[in-house]
Amino acid sequence: MSKPIVAIVGRPNVGKSMLFNKLIGQRLSIVEDTPGVTRDRIYGECEWCGRKFTLVDTGGIEPRTDSQILTFMREQAQIAIENATVIIFLTDIKTGLTASDQEVANMLLRSRKPIVLAVNKMDSVGAPNPDYYEFYNLGLGDPVAVSAVHGHGTGDLLDACVAYFPDEEEAEEESDVLKVAIIGKPNVGKSSLTNRILGQERVIVSNVAGTTRDAIDSYFENETGKYVFIDTAGMRKKSRIEENIEKYSVLRATMAIDRADVCLIMIDATEGVTEQDTKVAGLAHEAGKACIIVVNKWDLVEKDGKTMDKMREDIRRDLSYMTYAPILFISAATGQRVPRLFELINYVHSQACTRITTGMLNNVLEDAQTRVQPPTDKGKRLKIYYMTQVGVCPPHFVIFCNDRQLFHFSYQRYIENCIRNVFGLEGTPIILSIRQKGDKEE
């Protein structure tokens with residue numbers, strides 16, 4: 001992606017996520033008064049003075065810490081700094097200039113990237129707080145006074161950032177980028193798969209369940225196409241969601257499903273399909289998304305000649321409402337079969353975008369009724385007049401009949417299976433709407 005990248009860095013709890021949300025105009029990053037809430041890099045799209053750029057929210061940099069998670073966060077921030085065009089170094093007027101601020105400033109200066117120093121929580125208007133001037137001691141030029149809560153000074157801050165952008169025209173954003181959400185319960189290997197695909201430690205991987213809390217967008221391009229992989233927080237049972245932060249994480253994962261084109265439903269091969277897996281898969285199914293069932297950790301399973309077939313049968317039984325979804329057995333740790341994911345992603349997306357002419361649909365409908373007569377009730381027979389497609393992603397068909405009450409669910413399933421047998425539509429759910437004479441057009 002050729003758009004400039006602006007990274008927001010600083011100590012924990014100086015207001016980076018709140019400033020990020022204010023600048024992009026939506027609550028993409030979790031905001032909570034708990035240090036260390038933002039653990040990975042969160043990306044958002046911004047525009048200022050006609051220039052489009054990518055804004056990155058990072059976890060707080062704690063120069064000296066023994067905490068494994070805080071160490072990971074510092075590494076993530078370091079990667080963001082390396083990739084950034086401009087760095088916003090955010091400080092806090094309420095805590096004043098600290099030794100940690102000075103260490104972070106030294107770290108940023110070593111990166112040799114343009115740095116815009118911002119002093120946050122300058123919420124009152126008028127003469128600045130005298131403590132504001134001590135931030136000149138960092139040697140990073142004139143600080144920009146901002147209020148992430150109220151938005152004061154954000155225009156000056158963005159002006160300072162845009163001044164460092166290169167002059168060349170940005171290429172128009174590609175519209176053929178597929179958004180792929182990686183969903184599943186905690187610890188099935190979602191972040192490991194993202195890192196395997198990207199070839200770098202893009203997302204924190206830890207055996208601590210709940211390490212990923214936000215939905216993380218990662219752009220990837222290869223010979224098969226252009227993708228944005230959304231690594232989501234694992235979705236647990238509601239009874240186990242105690243922290244407010246985790247409630248936000250489940251919401252983020254649900255939102256990630258909504259904006260995805262394809263969902264990869266990850267299942268732990270060593271555990272099989274659990275109750276939580278069925279709920280996670282159900283969210284993608286109900287959202288009408290093209291889906292692939294990805295069975296991870298296949299390298300850890302003791303296998304014989306029938307192991308894969310047995311696992312496939314168990315998945316089909318437990319996820320009986322998703323018989324349309326292809327199943328792929330992979331190992332994110334070793335990379336086994338991971339390259340096959342791309343052709344499958346492209347395939348199921350193309351299936352979800354399939355358009356079928358009304359003439360072809362009605363040929364199938366006529367043949368289906370010849371094979372199995374429509375049901376009757378108390379001497380009254382269902383009459384099906386015609387069928388047409390009204391939408392894609394997922395394919396949406398409307399069937400017109402004489403009486404909706406006579407159109408039993410089992411016969412709807414039979415018609416759906418006839419459509420799939422002729423046109424494929426593998427990997428995507430199908431919506432069938434039944435209308436009868438006298439129904440008003442929606």
# chains A, B, ... in the order shown; residues from 1 in each chain; ligands from 1
call {"tool": "residues_around", "arguments": {"residues": "A:Asp217", "least_positions_apart": "6", "cutoff": "7 Å", "atoms": "only C-alpha atoms", "output": "number ranges by chain"}}
result
A: 43, 228-231
call {"tool": "write_last_selection", "arguments": {"atoms": "C-alpha atoms", "output": "PDB file, in the first residue's frame"}}
result
ATOM      1  CA  TYR A  43      -4.823   0.406  11.657  1.00  0.00           C
ATOM      2  CA  VAL A 228      -6.703  -7.735   4.151  1.00  0.00           C
ATOM      3  CA  PHE A 229      -6.527 -10.348   6.912  1.00  0.00           C
ATOM      4  CA  ILE A 230      -8.461  -9.418  10.059  1.00  0.00           C
ATOM      5  CA  ASP A 231      -7.095 -11.271  13.094  1.00  0.00           C
TER       6      ASP A 231
END
call {"tool": "atom_distance", "arguments": {"atom1": "atom CA of A:Ile81", "atom2": "atom CA of A:Val6"}}
result
8.9 Å
call {"tool": "select_by_dssp", "arguments": {"residues": "stretch 57-198 of chain A", "states": "strand (DSSP E)", "output": "PDB file with N, CA, C and O atoms, in the first residue's frame"}}
result
ATOM      1  N   ASP A  57      -2.384   2.854  15.678  1.00  0.00           N
ATOM      2  CA  ASP A  57      -2.370   2.961  17.144  1.00  0.00           C
ATOM      3  C   ASP A  57      -1.516   1.822  17.682  1.00  0.00           C
ATOM      4  O   ASP A  57      -1.667   0.670  17.265  1.00  0.00           O
ATOM      5  N   VAL A  86       5.659   9.009   9.316  1.00  0.00           N
ATOM      6  CA  VAL A  86       5.749  10.037  10.359  1.00  0.00           C
ATOM      7  C   VAL A  86       5.331   9.406  11.679  1.00  0.00           C
ATOM      8  O   VAL A  86       4.444   8.544  11.714  1.00  0.00           O
ATOM      9  N   ILE A  87       5.955   9.837  12.776  1.00  0.00           N
ATOM     10  CA  ILE A  87       5.628   9.334  14.105  1.00  0.00           C
ATOM     11  C   ILE A  87       5.048  10.468  14.945  1.00  0.00           C
ATOM     12  O   ILE A  87       5.639  11.550  15.036  1.00  0.00           O
ATOM     13  N   ILE A  88       3.864  10.231  15.533  1.00  0.00           N
ATOM     14  CA  ILE A  88       3.320  11.155  16.540  1.00  0.00           C
ATOM     15  C   ILE A  88       3.737  10.612  17.905  1.00  0.00           C
ATOM     16  O   ILE A  88       3.337   9.514  18.299  1.00  0.00           O
ATOM     17  N   PHE A  89       4.572  11.389  18.611  1.00  0.00           N
ATOM     18  CA  PHE A  89       4.988  10.993  19.954  1.00  0.00           C
ATOM     19  C   PHE A  89       4.070  11.707  20.940  1.00  0.00           C
ATOM     20  O   PHE A  89       4.137  12.922  21.103  1.00  0.00           O
ATOM     21  N   LEU A  90       3.186  10.930  21.591  1.00  0.00           N
ATOM     22  CA  LEU A  90       2.165  11.507  22.465  1.00  0.00           C
ATOM     23  C   LEU A  90       2.618  11.463  23.918  1.00  0.00           C
ATOM     24  O   LEU A  90       3.043  10.418  24.414  1.00  0.00           O
ATOM     25  N   THR A  91       2.533  12.611  24.592  1.00  0.00           N
ATOM     26  CA  THR A  91       2.884  12.717  26.015  1.00  0.00           C
ATOM     27  C   THR A  91       1.657  13.218  26.783  1.00  0.00           C
ATOM     28  O   THR A  91       0.625  13.531  26.190  1.00  0.00           O
ATOM     29  N   ASP A  92       1.784  13.294  28.093  1.00  0.00           N
ATOM     30  CA  ASP A  92       0.629  13.579  28.961  1.00  0.00           C
ATOM     31  C   ASP A  92       0.958  14.763  29.867  1.00  0.00           C
ATOM     32  O   ASP A  92       1.879  14.693  30.679  1.00  0.00           O
ATOM     33  N   ILE A 115       9.395  13.179  13.481  1.00  0.00           N
ATOM     34  CA  ILE A 115       8.639  13.031  14.727  1.00  0.00           C
ATOM     35  C   ILE A 115       7.860  14.308  14.997  1.00  0.00           C
ATOM     36  O   ILE A 115       8.410  15.414  14.940  1.00  0.00           O
ATOM     37  N   VAL A 116       6.569  14.153  15.283  1.00  0.00           N
ATOM     38  CA  VAL A 116       5.727  15.276  15.704  1.00  0.00           C
ATOM     39  C   VAL A 116       5.394  15.055  17.177  1.00  0.00           C
ATOM     40  O   VAL A 116       4.753  14.069  17.529  1.00  0.00           O
ATOM     41  N   LEU A 117       5.854  15.963  18.024  1.00  0.00           N
ATOM     42  CA  LEU A 117       5.627  15.840  19.462  1.00  0.00           C
ATOM     43  C   LEU A 117       4.266  16.448  19.819  1.00  0.00           C
ATOM     44  O   LEU A 117       3.960  17.576  19.451  1.00  0.00           O
ATOM     45  N   ALA A 118       3.430  15.673  20.506  1.00  0.00           N
ATOM     46  CA  ALA A 118       2.108  16.148  20.908  1.00  0.00           C
ATOM     47  C   ALA A 118       1.955  16.008  22.418  1.00  0.00           C
ATOM     48  O   ALA A 118       2.357  14.996  22.995  1.00  0.00           O
ATOM     49  N   VAL A 119       1.397  17.041  23.056  1.00  0.00           N
ATOM     50  CA  VAL A 119       1.136  17.000  24.495  1.00  0.00           C
ATOM     51  C   VAL A 119      -0.378  16.873  24.677  1.00  0.00           C
ATOM     52  O   VAL A 119      -1.131  17.795  24.335  1.00  0.00           O
ATOM     53  N   ASN A 120      -0.823  15.741  25.194  1.00  0.00           N
ATOM     54  CA  ASN A 120      -2.252  15.440  25.301  1.00  0.00           C
ATOM     55  C   ASN A 120      -2.829  15.922  26.636  1.00  0.00           C
ATOM     56  O   ASN A 120      -2.092  16.266  27.557  1.00  0.00           O
ATOM     57  N   VAL A 144       2.911  20.152  20.035  1.00  0.00           N
ATOM     58  CA  VAL A 144       1.558  20.534  19.625  1.00  0.00           C
ATOM     59  C   VAL A 144       0.612  20.177  20.770  1.00  0.00           C
ATOM     60  O   VAL A 144       0.544  19.024  21.188  1.00  0.00           O
ATOM     61  N   ALA A 145      -0.086  21.200  21.286  1.00  0.00           N
ATOM     62  CA  ALA A 145      -1.029  20.959  22.381  1.00  0.00           C
ATOM     63  C   ALA A 145      -2.322  20.374  21.815  1.00  0.00           C
ATOM     64  O   ALA A 145      -2.929  20.952  20.907  1.00  0.00           O
ATOM     65  N   VAL A 177      -9.525  -5.728  -3.262  1.00  0.00           N
ATOM     66  CA  VAL A 177      -8.898  -6.303  -2.076  1.00  0.00           C
ATOM     67  C   VAL A 177      -9.954  -7.086  -1.303  1.00  0.00           C
ATOM     68  O   VAL A 177     -11.002  -6.559  -0.953  1.00  0.00           O
ATOM     69  N   LEU A 178      -9.676  -8.359  -1.039  1.00  0.00           N
ATOM     70  CA  LEU A 178     -10.614  -9.206  -0.291  1.00  0.00           C
ATOM     71  C   LEU A 178     -10.348  -9.075   1.207  1.00  0.00           C
ATOM     72  O   LEU A 178      -9.207  -9.200   1.654  1.00  0.00           O
ATOM     73  N   LYS A 179     -11.401  -8.836   1.971  1.00  0.00           N
ATOM     74  CA  LYS A 179     -11.272  -8.783   3.429  1.00  0.00           C
ATOM     75  C   LYS A 179     -11.580 -10.169   3.988  1.00  0.00           C
ATOM     76  O   LYS A 179     -12.654 -10.718   3.743  1.00  0.00           O
ATOM     77  N   VAL A 180     -10.625 -10.708   4.745  1.00  0.00           N
ATOM     78  CA  VAL A 180     -10.746 -12.075   5.275  1.00  0.00           C
ATOM     79  C   VAL A 180     -10.650 -12.023   6.796  1.00  0.00           C
ATOM     80  O   VAL A 180      -9.617 -11.629   7.341  1.00  0.00           O
ATOM     81  N   ALA A 181     -11.735 -12.396   7.491  1.00  0.00           N
ATOM     82  CA  ALA A 181     -11.738 -12.419   8.958  1.00  0.00           C
ATOM     83  C   ALA A 181     -11.362 -13.810   9.442  1.00  0.00           C
ATOM     84  O   ALA A 181     -11.911 -14.808   8.975  1.00  0.00           O
ATOM     85  N   ILE A 182     -10.391 -13.865  10.353  1.00  0.00           N
ATOM     86  CA  ILE A 182      -9.978 -15.138  10.956  1.00  0.00           C
ATOM     87  C   ILE A 182     -10.637 -15.209  12.327  1.00  0.00           C
ATOM     88  O   ILE A 182     -10.309 -14.432  13.220  1.00  0.00           O
ATOM     89  N   ILE A 183     -11.615 -16.124  12.483  1.00  0.00           N
ATOM     90  CA  ILE A 183     -12.404 -16.155  13.719  1.00  0.00           C
ATOM     91  C   ILE A 183     -12.305 -17.524  14.378  1.00  0.00           C
ATOM     92  O   ILE A 183     -11.963 -18.522  13.752  1.00  0.00           O
TER      93      ILE A 183
END
call {"tool": "residues_around", "arguments": {"residues": "A:Pro326", "least_positions_apart": "5", "cutoff": "9 Å", "atoms": "only C-alpha atoms", "output": "number ranges by chain"}}
result
A: 291-294, 344, 348, 426-427
call {"tool": "closest_residue", "arguments": {"among": "A:Ile384, A:Pro114, A:Glu302, A:Cys263", "to": "A:Glu286", "atoms": "only C-alpha atoms"}}
result
A:Cys263
call {"tool": "residues_around", "arguments": {"residues": "stretch 394-397 of chain A", "least_positions_apart": "6", "cutoff": "12 Å", "atoms": "only C-alpha atoms", "output": "count of residues only"}}
result
45
call {"tool": "closest_residue", "arguments": {"among": "A:Asp277, A:Asp159, A:Glu343, A:Asp314", "to": "A:Glu223", "atoms": "only C-alpha atoms"}}
result
A:Glu343
call {"tool": "residues_around", "arguments": {"residues": "A:Ile5", "least_positions_apart": "5", "cutoff": "8 Å", "atoms": "only C-alpha atoms", "output": "VMD selection string"}}
result
chain A and resid 53 to 56 83 to 86
call {"tool": "write_last_selection", "arguments": {"atoms": "N, CA, C and O atoms", "output": "PDB file, in the first residue's frame"}}
result
ATOM      1  N   PHE A  53      -4.086   8.749   4.302  1.00  0.00           N
ATOM      2  CA  PHE A  53      -2.969   8.062   4.953  1.00  0.00           C
ATOM      3  C   PHE A  53      -3.512   7.023   5.920  1.00  0.00           C
ATOM      4  O   PHE A  53      -4.704   7.007   6.250  1.00  0.00           O
ATOM      5  N   THR A  54      -2.628   6.136   6.362  1.00  0.00           N
ATOM      6  CA  THR A  54      -2.988   5.084   7.316  1.00  0.00           C
ATOM      7  C   THR A  54      -2.492   5.492   8.692  1.00  0.00           C
ATOM      8  O   THR A  54      -1.319   5.828   8.868  1.00  0.00           O
ATOM      9  N   LEU A  55      -3.412   5.479   9.664  1.00  0.00           N
ATOM     10  CA  LEU A  55      -3.058   5.825  11.040  1.00  0.00           C
ATOM     11  C   LEU A  55      -2.906   4.529  11.834  1.00  0.00           C
ATOM     12  O   LEU A  55      -3.712   3.606  11.699  1.00  0.00           O
ATOM     13  N   VAL A  56      -1.865   4.459  12.666  1.00  0.00           N
ATOM     14  CA  VAL A  56      -1.575   3.237  13.435  1.00  0.00           C
ATOM     15  C   VAL A  56      -1.566   3.571  14.917  1.00  0.00           C
ATOM     16  O   VAL A  56      -0.842   4.475  15.354  1.00  0.00           O
ATOM     17  N   ASN A  83       7.970   1.000  10.126  1.00  0.00           N
ATOM     18  CA  ASN A  83       7.166   1.106   8.908  1.00  0.00           C
ATOM     19  C   ASN A  83       6.556   2.486   8.694  1.00  0.00           C
ATOM     20  O   ASN A  83       5.959   2.742   7.650  1.00  0.00           O
ATOM     21  N   ALA A  84       6.650   3.361   9.688  1.00  0.00           N
ATOM     22  CA  ALA A  84       5.942   4.638   9.643  1.00  0.00           C
ATOM     23  C   ALA A  84       6.629   5.651   8.730  1.00  0.00           C
ATOM     24  O   ALA A  84       7.848   5.653   8.579  1.00  0.00           O
ATOM     25  N   THR A  85       5.809   6.515   8.126  1.00  0.00           N
ATOM     26  CA  THR A  85       6.314   7.680   7.396  1.00  0.00           C
ATOM     27  C   THR A  85       6.574   8.814   8.376  1.00  0.00           C
ATOM     28  O   THR A  85       7.579   9.520   8.290  1.00  0.00           O
ATOM     29  N   VAL A  86       5.659   9.009   9.316  1.00  0.00           N
ATOM     30  CA  VAL A  86       5.749  10.037  10.359  1.00  0.00           C
ATOM     31  C   VAL A  86       5.331   9.406  11.679  1.00  0.00           C
ATOM     32  O   VAL A  86       4.444   8.544  11.714  1.00  0.00           O
TER      33      VAL A  86
END
call {"tool": "residues_around", "arguments": {"residues": "A:Asn106", "least_positions_apart": "2", "cutoff": "12 Å", "atoms": "only C-alpha atoms", "output": "VMD selection string"}}
result
chain A and resid 10 63 89 99 to 104 108 to 113 115 137 to 140
call {"tool": "closest_residue", "arguments": {"among": "A:Gln389, A:Phe407, A:Pro143, A:Phe400", "to": "A:Gly359", "atoms": "only C-alpha atoms"}}
result
A:Gln389
call {"tool": "residues_around", "arguments": {"residues": "A:Ser124", "least_positions_apart": "3", "cutoff": "10 Å", "atoms": "only C-alpha atoms", "output": "list in words"}}
result
Lys121, Ala127, Pro128, Asn129, Val146, Ser147, His150 and His152 of chain A
call {"tool": "select_by_dssp", "arguments": {"residues": "stretch 84-165 of chain A", "states": "helix (DSSP H, G or I)", "output": "number ranges by chain"}}
result
A: 99-111, 130-138, 154-162
